[in-house]
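The next block is data36.cif, given as mmCIF, C-alpha atoms.
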```cif
data_entry
#
loop_
_atom_site.label_atom_id
_atom_site.label_comp_id
_atom_site.auth_asym_id
_atom_site.auth_seq_id
_atom_site.Cartn_x
_atom_site.Cartn_y
_atom_site.Cartn_z
CA MET A 1 94.95 77.78 116.94
CA LEU A 2 97.33 74.96 117.81
CA SER A 3 95.95 72.56 120.40
CA ARG A 4 97.86 70.23 122.70
CA ASN A 5 97.16 67.39 120.27
CA ASP A 6 98.67 69.36 117.41
CA VAL A 7 102.00 69.69 119.18
CA THR A 8 102.85 66.12 118.27
CA MET A 9 102.04 66.84 114.62
CA ILE A 10 104.70 69.51 114.33
CA ASN A 11 108.23 68.26 113.85
CA PHE A 12 110.21 70.76 115.91
CA LYS A 13 113.72 69.45 115.28
CA GLU A 14 116.53 70.04 117.75
CA ASN A 15 118.17 72.51 115.38
CA ASP A 16 115.16 74.77 115.66
CA GLY A 17 116.74 75.91 118.92
CA ILE A 18 113.51 75.35 120.88
CA ASP A 19 113.61 73.72 124.30
CA ARG A 20 110.82 71.12 124.52
CA LEU A 21 110.48 71.46 128.26
CA GLU A 22 110.04 75.19 127.87
CA GLN A 23 107.34 74.55 125.24
CA GLN A 24 105.34 72.48 127.68
CA LYS A 25 105.73 75.10 130.41
CA ASN A 26 104.44 77.76 128.04
CA ILE A 27 101.46 75.64 127.01
CA SER A 28 100.55 75.12 130.65
CA SER A 29 100.88 78.80 131.48
CA ALA A 30 98.83 79.78 128.45
CA HIS A 31 95.99 77.53 129.55
CA ARG A 32 96.19 78.40 133.22
CA ILE A 33 93.62 80.96 134.32
CA GLY A 34 95.49 83.88 135.83
CA LYS A 35 94.65 85.74 139.01
CA GLU A 36 95.28 89.45 138.83
CA ASN A 37 94.21 92.64 140.59
CA MET A 38 90.67 93.89 141.17
CA VAL A 39 88.81 93.85 137.86
CA ASN A 40 87.23 96.87 136.24
CA ILE A 41 83.56 96.33 137.09
CA GLU A 42 82.26 99.14 134.91
CA ARG A 43 83.70 97.64 131.73
CA VAL A 44 82.17 94.23 132.43
CA VAL A 45 78.81 95.85 133.12
CA GLU A 46 78.91 97.87 129.91
CA ALA A 47 80.03 94.93 127.76
CA ASN A 48 77.28 92.68 129.03
CA ASN A 49 74.43 95.18 129.39
CA ILE A 50 74.00 94.46 133.12
CA ALA A 51 71.73 97.09 134.61
CA ASP A 52 72.04 96.27 138.30
CA LEU A 53 75.53 96.51 139.81
CA SER A 54 74.30 95.01 143.06
CA SER A 55 73.80 91.65 141.35
CA ILE A 56 77.48 91.23 140.56
CA GLY A 57 78.97 90.71 144.01
CA ASP A 58 82.69 90.44 144.76
CA LEU A 59 84.63 90.58 141.49
CA SER A 60 88.18 90.23 142.78
CA ASN A 61 90.38 87.75 140.87
CA GLU A 62 87.69 85.47 139.37
CA LEU A 63 84.24 86.76 138.57
CA ASP A 64 81.43 85.27 140.64
CA THR A 65 79.46 83.99 137.69
CA SER A 66 76.75 82.40 139.84
CA LYS A 67 75.58 85.98 140.42
CA VAL A 68 76.68 87.58 137.16
CA LEU A 69 74.84 85.18 134.89
CA ASP A 70 71.30 86.02 135.98
CA THR A 71 70.44 87.22 132.46
CA SER A 72 70.97 85.54 129.12
CA LYS A 73 72.49 88.76 127.75
CA VAL A 74 75.69 87.99 129.64
CA LEU A 75 76.17 84.80 127.65
CA ASP A 76 74.87 86.21 124.38
CA THR A 77 77.14 89.25 123.98
CA TYR A 78 80.83 88.59 123.28
CA ILE A 79 83.61 88.48 120.73
CA ALA A 80 84.64 84.96 119.69
CA LEU A 81 88.22 84.90 118.49
CA ASP A 82 91.09 82.69 117.44
CA VAL A 83 94.69 83.26 116.40
CA GLU A 84 97.12 81.23 114.31
CA ALA A 85 100.82 81.62 115.04
CA THR A 86 104.31 80.53 114.01
CA GLY A 87 104.69 78.25 117.04
CA ILE A 88 103.26 77.04 120.33
CA SER A 89 104.86 79.56 122.71
CA PRO A 90 103.37 83.08 122.77
CA ASN A 91 106.70 84.50 123.98
CA LYS A 92 108.63 82.85 121.14
CA SER A 93 106.08 83.05 118.32
CA ARG A 94 104.46 85.60 116.04
CA ILE A 95 100.79 85.77 115.09
CA ILE A 96 100.04 85.06 111.43
CA GLU A 97 96.24 85.34 111.48
CA ILE A 98 93.48 86.75 113.67
CA GLY A 99 89.81 85.92 113.22
CA ALA A 100 86.94 87.25 115.32
CA ILE A 101 83.14 87.48 115.28
CA LYS A 102 81.24 90.06 117.33
CA VAL A 103 77.97 88.76 118.76
CA LYS A 104 75.42 91.00 120.49
CA ASN A 105 72.30 89.61 122.14
CA GLY A 106 72.86 86.33 120.31
CA VAL A 107 73.14 87.92 116.85
CA GLU A 108 76.33 88.20 114.79
CA ILE A 109 76.88 91.87 113.98
CA GLU A 110 80.45 92.14 112.68
CA ARG A 111 83.51 90.14 111.63
CA PHE A 112 87.25 90.75 111.75
CA ASN A 113 89.74 88.62 109.83
CA SER A 114 93.28 89.35 108.70
CA LEU A 115 96.51 87.59 107.90
CA ILE A 116 99.63 89.12 109.43
CA ASN A 117 103.16 89.28 108.07
CA PRO A 118 105.25 87.89 110.97
CA CYS A 119 108.50 89.18 109.46
CA LEU A 120 109.89 85.70 110.09
CA PRO A 121 110.19 82.64 107.86
CA LEU A 122 107.26 80.23 108.21
CA SER A 123 108.20 76.61 108.93
CA GLU A 124 106.95 73.93 106.56
CA ASP A 125 105.12 72.30 109.46
CA ILE A 126 103.07 75.41 110.22
CA GLN A 127 102.32 75.95 106.52
CA GLN A 128 101.09 72.36 106.16
CA LEU A 129 99.05 72.45 109.37
CA THR A 130 97.29 75.78 108.78
CA GLY A 131 97.32 76.04 105.00
CA ILE A 132 98.79 79.53 105.42
CA THR A 133 101.78 79.83 103.09
CA ALA A 134 104.81 82.08 103.17
CA ALA A 135 103.53 83.77 100.01
CA MET A 136 100.20 84.56 101.68
CA VAL A 137 101.73 86.32 104.69
CA GLU A 138 104.42 88.05 102.67
CA LYS A 139 101.82 90.41 101.21
CA ALA A 140 99.83 90.74 104.45
CA PRO A 141 99.92 93.83 106.69
CA ARG A 142 102.27 93.98 109.69
CA ALA A 143 101.12 93.16 113.21
CA LYS A 144 101.05 96.77 114.41
CA GLU A 145 98.48 97.77 111.80
CA VAL A 146 96.28 94.71 112.30
CA LEU A 147 96.39 94.83 116.10
CA SER A 148 95.43 98.49 116.15
CA ASP A 149 92.32 97.73 114.10
CA PHE A 150 91.61 94.62 116.18
CA LEU A 151 91.65 96.51 119.48
CA ASP A 152 89.21 99.05 118.04
CA PHE A 153 87.01 96.18 116.88
CA CYS A 154 86.99 94.57 120.33
CA GLU A 155 85.80 97.64 122.24
CA ASP A 156 84.97 96.43 125.78
CA TYR A 157 83.33 93.16 124.82
CA VAL A 158 84.21 90.01 126.72
CA TRP A 159 86.04 87.33 124.76
CA LEU A 160 85.11 83.75 123.90
CA GLY A 161 87.48 81.04 122.75
CA HIS A 162 88.58 77.44 123.03
CA SER A 163 91.47 77.94 125.46
CA ILE A 164 90.85 81.69 125.38
CA ASN A 165 93.74 82.44 127.73
CA SER A 166 96.12 81.10 125.06
CA ASP A 167 94.72 83.50 122.48
CA TYR A 168 95.01 86.30 125.02
CA GLY A 169 98.66 85.33 125.61
CA TYR A 170 99.53 85.48 121.91
CA ILE A 171 97.82 88.84 121.47
CA LYS A 172 99.35 90.38 124.59
CA ALA A 173 102.83 89.14 123.65
CA GLU A 174 102.44 90.55 120.13
CA LEU A 175 101.32 93.90 121.54
CA VAL A 176 104.42 94.01 123.74
CA LYS A 177 106.73 93.06 120.84
CA ASN A 178 105.29 95.94 118.83
CA GLU A 179 105.47 98.36 121.77
CA MET A 180 101.74 99.05 121.69
CA LEU A 181 100.35 97.37 124.81
CA PRO A 182 97.62 99.62 126.26
CA GLN A 183 98.21 100.84 129.80
CA LYS A 184 95.15 98.90 130.93
CA PHE A 185 94.84 95.70 128.96
CA GLN A 186 92.36 93.79 131.11
CA LYS A 187 90.19 91.27 129.32
CA PHE A 188 87.61 88.74 130.49
CA GLY A 189 86.63 85.58 128.71
CA TYR A 190 84.50 82.46 128.47
CA ASP A 191 86.50 79.31 127.73
CA THR A 192 84.72 76.47 125.91
CA LEU A 193 87.68 74.19 126.65
CA ASN A 194 87.33 74.72 130.39
CA ILE A 195 83.53 74.38 130.22
CA SER A 196 83.90 71.12 128.28
CA ARG A 197 86.28 69.74 130.87
CA ILE A 198 83.79 70.43 133.63
CA VAL A 199 80.53 69.32 132.05
CA LEU A 200 81.85 66.42 129.94
CA PRO A 201 84.56 64.82 132.08
CA GLN A 202 83.95 61.43 130.48
CA LEU A 203 85.41 62.59 127.16
CA GLU A 204 89.08 61.64 126.90
CA LYS A 205 90.04 64.50 124.58
CA LYS A 206 88.49 67.94 124.50
CA ALA A 207 90.44 69.82 121.85
CA LEU A 208 88.24 71.80 119.46
CA ARG A 209 88.48 69.04 116.86
CA ASN A 210 87.32 66.43 119.37
CA MET A 211 84.45 68.57 120.61
CA CYS A 212 83.33 69.23 117.03
CA GLU A 213 83.32 65.47 116.39
CA TYR A 214 81.31 64.90 119.56
CA TYR A 215 78.66 67.49 118.63
CA LYS A 216 78.86 66.81 114.88
CA ILE A 217 79.95 70.37 114.14
CA GLU A 218 81.48 70.77 110.69
CA ASN A 219 84.68 72.81 110.58
CA HIS A 220 85.84 72.91 106.98
CA ASN A 221 88.66 75.34 107.76
CA GLU A 222 90.31 73.78 110.79
CA HIS A 223 93.42 75.67 111.93
CA ARG A 224 92.34 78.77 110.07
CA ALA A 225 91.25 81.48 112.47
CA MET A 226 87.75 82.17 111.13
CA GLY A 227 86.94 78.49 110.73
CA ASP A 228 87.86 77.80 114.34
CA VAL A 229 85.93 80.88 115.52
CA MET A 230 82.72 79.72 113.86
CA ALA A 231 83.19 76.23 115.26
CA THR A 232 83.76 77.66 118.75
CA ILE A 233 80.55 79.68 118.60
CA GLN A 234 78.57 76.60 117.59
CA LEU A 235 80.20 74.62 120.39
CA PHE A 236 79.37 77.35 122.92
CA GLU A 237 75.72 77.29 121.85
CA LYS A 238 75.59 73.48 122.15
CA LEU A 239 77.13 73.59 125.62
CA LYS A 240 74.72 76.30 126.76
CA LYS A 241 71.74 74.36 125.46
CA ASP A 242 72.82 71.13 127.14
CA PHE A 243 74.25 72.33 130.43
CA TYR A 244 73.64 75.98 131.29
CA LYS A 245 70.25 75.47 132.95
CA ASP A 246 71.54 72.91 135.45
CA LYS A 247 75.23 73.86 135.62
CA LYS A 248 75.40 77.65 135.51
CA GLU A 249 78.46 77.63 137.74
CA SER A 250 80.43 75.92 134.93
CA PHE A 251 80.05 78.92 132.62
CA LYS A 252 82.53 81.17 134.36
CA LEU A 253 83.77 84.49 133.09
CA TYR A 254 87.47 84.63 133.89
CA SER A 255 89.97 87.42 134.18
CA LEU A 256 92.58 86.57 131.54
CA ALA A 257 96.30 86.79 132.29
CA PHE A 258 99.63 86.04 130.66
CA LYS A 259 103.15 87.07 131.67
CA VAL A 260 105.15 88.35 128.72
CA LYS A 261 108.89 87.91 128.98
CA LYS A 262 111.06 91.01 128.73
CA LEU A 263 112.13 91.48 125.12
CA GLN A 264 115.29 92.98 123.71
CA LYS A 265 115.82 94.13 120.15
CA ILE A 266 118.31 92.43 117.85
CA THR A 267 121.86 93.70 118.42
CA ASN A 268 124.03 95.25 115.72
CA TRP A 269 126.42 92.31 116.01
CA GLN A 270 123.57 89.88 115.40
CA LYS A 271 122.35 91.89 112.40
CA ASN A 272 125.79 91.86 110.79
CA TYR A 273 126.47 88.20 111.55
CA LEU A 274 123.05 87.05 110.37
CA ASN A 275 123.39 89.01 107.14
CA ASP A 276 126.83 87.48 106.57
CA LEU A 277 125.47 83.96 107.14
CA LEU A 278 122.53 84.53 104.80
CA LYS A 279 124.81 85.89 102.09
CA TYR A 280 127.46 83.19 102.51
CA HIS A 281 124.99 80.30 102.41
CA LYS A 282 122.80 81.99 99.77
CA ILE A 283 119.71 81.85 101.98
CA THR A 284 116.70 84.03 101.26
CA PHE A 285 115.28 85.54 104.45
CA SER A 286 111.57 86.15 103.91
CA GLY A 287 111.18 88.53 106.82
CA SER A 288 112.59 91.69 108.31
CA ILE A 289 115.85 91.32 110.21
CA GLU A 290 115.36 94.75 111.77
CA GLU A 291 112.18 93.57 113.51
CA LEU A 292 113.69 90.47 115.11
CA THR A 293 114.14 90.28 118.85
CA MET A 294 117.48 89.23 120.31
CA SER A 295 116.19 85.75 121.15
CA GLU A 296 114.59 85.30 117.71
CA ALA A 297 117.86 86.30 116.03
CA SER A 298 119.83 83.89 118.24
CA ARG A 299 117.53 80.99 117.39
CA TYR A 300 117.66 81.71 113.68
CA ILE A 301 121.47 82.05 113.69
CA ASP A 302 121.74 78.74 115.58
CA LYS A 303 119.41 77.09 113.07
CA ILE A 304 121.48 78.25 110.11
CA ILE A 305 124.73 77.09 111.72
CA LEU A 306 123.30 73.69 112.66
CA THR A 307 121.81 73.20 109.18
CA HIS A 308 124.43 74.76 106.92
CA GLY A 309 127.51 75.25 109.08
CA VAL A 310 129.46 78.36 110.05
CA LYS A 311 130.96 80.84 107.64
CA HIS A 312 134.47 79.76 106.62
#
```
As structure tokens, please, write out the structure in this file.
Amino acid sequence: MLSRNDVTMINFKENDGIDRLEQQKNISSAHRIGKENMVNIERVVEANNIADLSSIGDLSNELDTSKVLDTSKVLDTYIALDVEATGISPNKSRIIEIGAIKVKNGVEIERFNSLINPCLPLSEDIQQLTGITAAMVEKAPRAKEVLSDFLDFCEDYVWLGHSINSDYGYIKAELVKNEMLPQKFQKFGYDTLNISRIVLPQLEKKALRNMCEYYKIENHNEHRAMGDVMATIQLFEKLKKDFYKDKKESFKLYSLAFKVKKLQKITNWQKNYLNDLLKYHKITFSGSIEELTMSEASRYIDKIILTHGVKH
């Protein structure tokens, strides 16, 4: 997944129609731990094999991990996941890959990995950064199919990730775009980025790449979902070994949250105008115009006009 450091590597030109200030706001909101309603205690108990409800305490907003983490099973049963996307804003991007590993009692038991056809053209910057090409996603299944299988895979396990709330934001936004958000989509997660910030404050940078360098973790497939997932699991194990005994309070299980902006489908006028522009300028659109949102269509129309001009 894109980190804060990677933002500077991507050349988002002004004609991409993306507001840089809005990008930064979205990054901040994706990393910010949300505070929502009372959590579903039973699901947390089941996912973590906690036998005694009385040991959990008050679970409103943030989980009281000083009481939850009395057994190693809580830290050893989770789904580590990572997503790759077309951009850095969950509300303005589409997922192009999901990778996840299911761990139970410290043992890997199952994997999930799939490319996704975003039905949008992939920028050269994203293709170079991730190694995921337009040709690769063109033959991949659509988001609705992949997400349905992914939700079944997740069951009620807690999640683990490096900036896990960002991954949650991308997935929730994609579910909304595909009109398949479950009525109760409450997830809880461990965040290796947040843990690293607390226990290793002396490190200047704590992106996954930096943490892998610090712990000498090899990630041969950086910015591919499964490569980052495996690196995150290794990082989590290193952090637990070094700090869990003396700093249990740093390994918090958070209630994840992300506010998805209201989406509107592409209008008939936009469809007709976009098709006219594509035909006039002889541009091949490697996606599905029918699946664009109104804002996505507006940005793509603006990009064509700024790059090629209007139709004469």
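The result of the PyMOL selection byres ((chain A and resi 199) around 8) on the shown file is Ile195, Ser196, Arg197, Ile198, Leu200, Pro201, Phe243, Lys247 and Ser250 of chain A.
Relative to CA of Ser148 in chain A, CA of Ala100 in chain A is found at 14.1 Å.
Taking all atoms listed in the file into account, Trp159 in chain A lies nearest to A:Ile233 out of the set A:Ile109, A:Val260, A:Ile305, A:Ile233.
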- Message: Is it possible to get the residues within 7 Å of (81.9, 79.5, 133.1) (coordinates as in the file, counting all atoms listed in the file) written as a PyMOL selection string?
- Response: chain A and resi 65+190+195+249-253
With range 81-96 of chain A as the partner and 10 Å as the cut-off, tabulate the residues of range 143-240 of chain A that qualify, each row holding the nearest pair of atoms and their distance in Å to one decimal, using all atoms listed in the file, sorted by chain and rising number, as a Markdown table.
```
| residue | atom | partner | partner_atom | distance |
| --- | --- | --- | --- | --- |
| A:Ala143 | CA | A:Ile95 | CA | 7.6 |
| A:Cys154 | CA | A:Leu81 | CA | 9.9 |
| A:Trp159 | CA | A:Leu81 | CA | 7.1 |
| A:Leu160 | CA | A:Leu81 | CA | 6.3 |
| A:Gly161 | CA | A:Leu81 | CA | 5.8 |
| A:His162 | CA | A:Asp82 | CA | 8.1 |
| A:Ser163 | CA | A:Asp82 | CA | 9.3 |
| A:Ile164 | CA | A:Asp82 | CA | 8.0 |
| A:Ser166 | CA | A:Pro90 | CA | 7.9 |
| A:Asp167 | CA | A:Val83 | CA | 6.1 |
| A:Tyr168 | CA | A:Val83 | CA | 9.1 |
| A:Gly169 | CA | A:Pro90 | CA | 5.9 |
| A:Tyr170 | CA | A:Pro90 | CA | 4.6 |
| A:Ile171 | CA | A:Ile95 | CA | 7.7 |
| A:Lys172 | CA | A:Pro90 | CA | 8.5 |
| A:Ala173 | CA | A:Asn91 | CA | 6.1 |
| A:Glu174 | CA | A:Arg94 | CA | 6.7 |
| A:Val176 | CA | A:Asn91 | CA | 9.8 |
| A:Lys177 | CA | A:Asn91 | CA | 9.1 |
| A:His223 | CA | A:Glu84 | CA | 7.1 |
| A:Arg224 | CA | A:Glu84 | CA | 6.8 |
| A:Ala225 | CA | A:Asp82 | CA | 5.1 |
| A:Met226 | CA | A:Asp82 | CA | 7.2 |
| A:Gly227 | CA | A:Asp82 | CA | 8.9 |
| A:Asp228 | CA | A:Asp82 | CA | 6.6 |
| A:Val229 | CA | A:Leu81 | CA | 5.5 |
| A:Met230 | CA | A:Leu81 | CA | 8.9 |
| A:Thr232 | CA | A:Leu81 | CA | 8.5 |
| A:Ile233 | CA | A:Leu81 | CA | 9.3 |
```
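Distances to Leu239 in chain A were evaluated for A:Glu204, A:Thr267, A:Leu193, A:Leu292 using all atoms listed in the file, and the minimum falls at A:Leu193.
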- Item | CA of Gly309 in chain A to CA of Tyr273 in chain A, straight-line distance in Å | 13.2 Å
- Query: So what do you get for CA of Leu120 in chain A versus CA of Phe285 in chain A, distance-wise?
  - Reply: 7.8 Å
- Which residues, written as a PyMOL selection string, have at least one atom at most 10 Å from Asp76 in chain A, with only C-alpha atoms counted and residues fewer than 6 positions away on the same chain left out? chain A and resi 48+103-108+237
- Query: Which residues come within 10 Å of His281 in chain A, counting all atoms listed in the file, excluding same-chain residues fewer than 2 positions away, as a ChimeraX atom specification?
  - Reply: /A:276-279,283-284,304-305,308-311
Run the PyMOL selection byres ((chain A and resi 214) around 12) mentally over the shown coordinates, then write out the matched residues as an mmCIF file with C-alpha atoms, in the frame of the given file, using the chain letters and numbers from the document.
```cif
data_model
loop_
_atom_site.group_PDB
_atom_site.id
_atom_site.type_symbol
_atom_site.label_atom_id
_atom_site.label_comp_id
_atom_site.auth_asym_id
_atom_site.auth_seq_id
_atom_site.Cartn_x
_atom_site.Cartn_y
_atom_site.Cartn_z
ATOM 1 C CA SER A 196 83.900 71.120 128.280
ATOM 2 C CA LEU A 200 81.850 66.420 129.940
ATOM 3 C CA GLN A 202 83.950 61.430 130.480
ATOM 4 C CA LEU A 203 85.410 62.590 127.160
ATOM 5 C CA GLU A 204 89.080 61.640 126.900
ATOM 6 C CA LYS A 205 90.040 64.500 124.580
ATOM 7 C CA LYS A 206 88.490 67.940 124.500
ATOM 8 C CA ALA A 207 90.440 69.820 121.850
ATOM 9 C CA LEU A 208 88.240 71.800 119.460
ATOM 10 C CA ARG A 209 88.480 69.040 116.860
ATOM 11 C CA ASN A 210 87.320 66.430 119.370
ATOM 12 C CA MET A 211 84.450 68.570 120.610
ATOM 13 C CA CYS A 212 83.330 69.230 117.030
ATOM 14 C CA GLU A 213 83.320 65.470 116.390
ATOM 15 C CA TYR A 215 78.660 67.490 118.630
ATOM 16 C CA LYS A 216 78.860 66.810 114.880
ATOM 17 C CA ILE A 217 79.950 70.370 114.140
ATOM 18 C CA GLU A 218 81.480 70.770 110.690
ATOM 19 C CA LEU A 235 80.200 74.620 120.390
ATOM 20 C CA LYS A 238 75.590 73.480 122.150
ATOM 21 C CA LEU A 239 77.130 73.590 125.620
#
```
- Query: Got a sec to check which residues sit within 7 Å of (108.4, 86.3, 103.7), counting all atoms listed in the file, and write them as number ranges by chain?
  - Reply: A: 119-121, 134-135, 137-138, 285-287
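Among the candidate residues A:Gln127, A:Lys248, A:Ser114, A:Val158, the one lying nearest to Ala140 in chain A is A:Ser114, with distances computed using only C-alpha atoms.
Here the question is which of A:Ile101, A:Arg142, A:Lys187, A:Asp152 gets nearest to Tyr254 in chain A using all atoms listed in the file, and that residue is A:Lys187.
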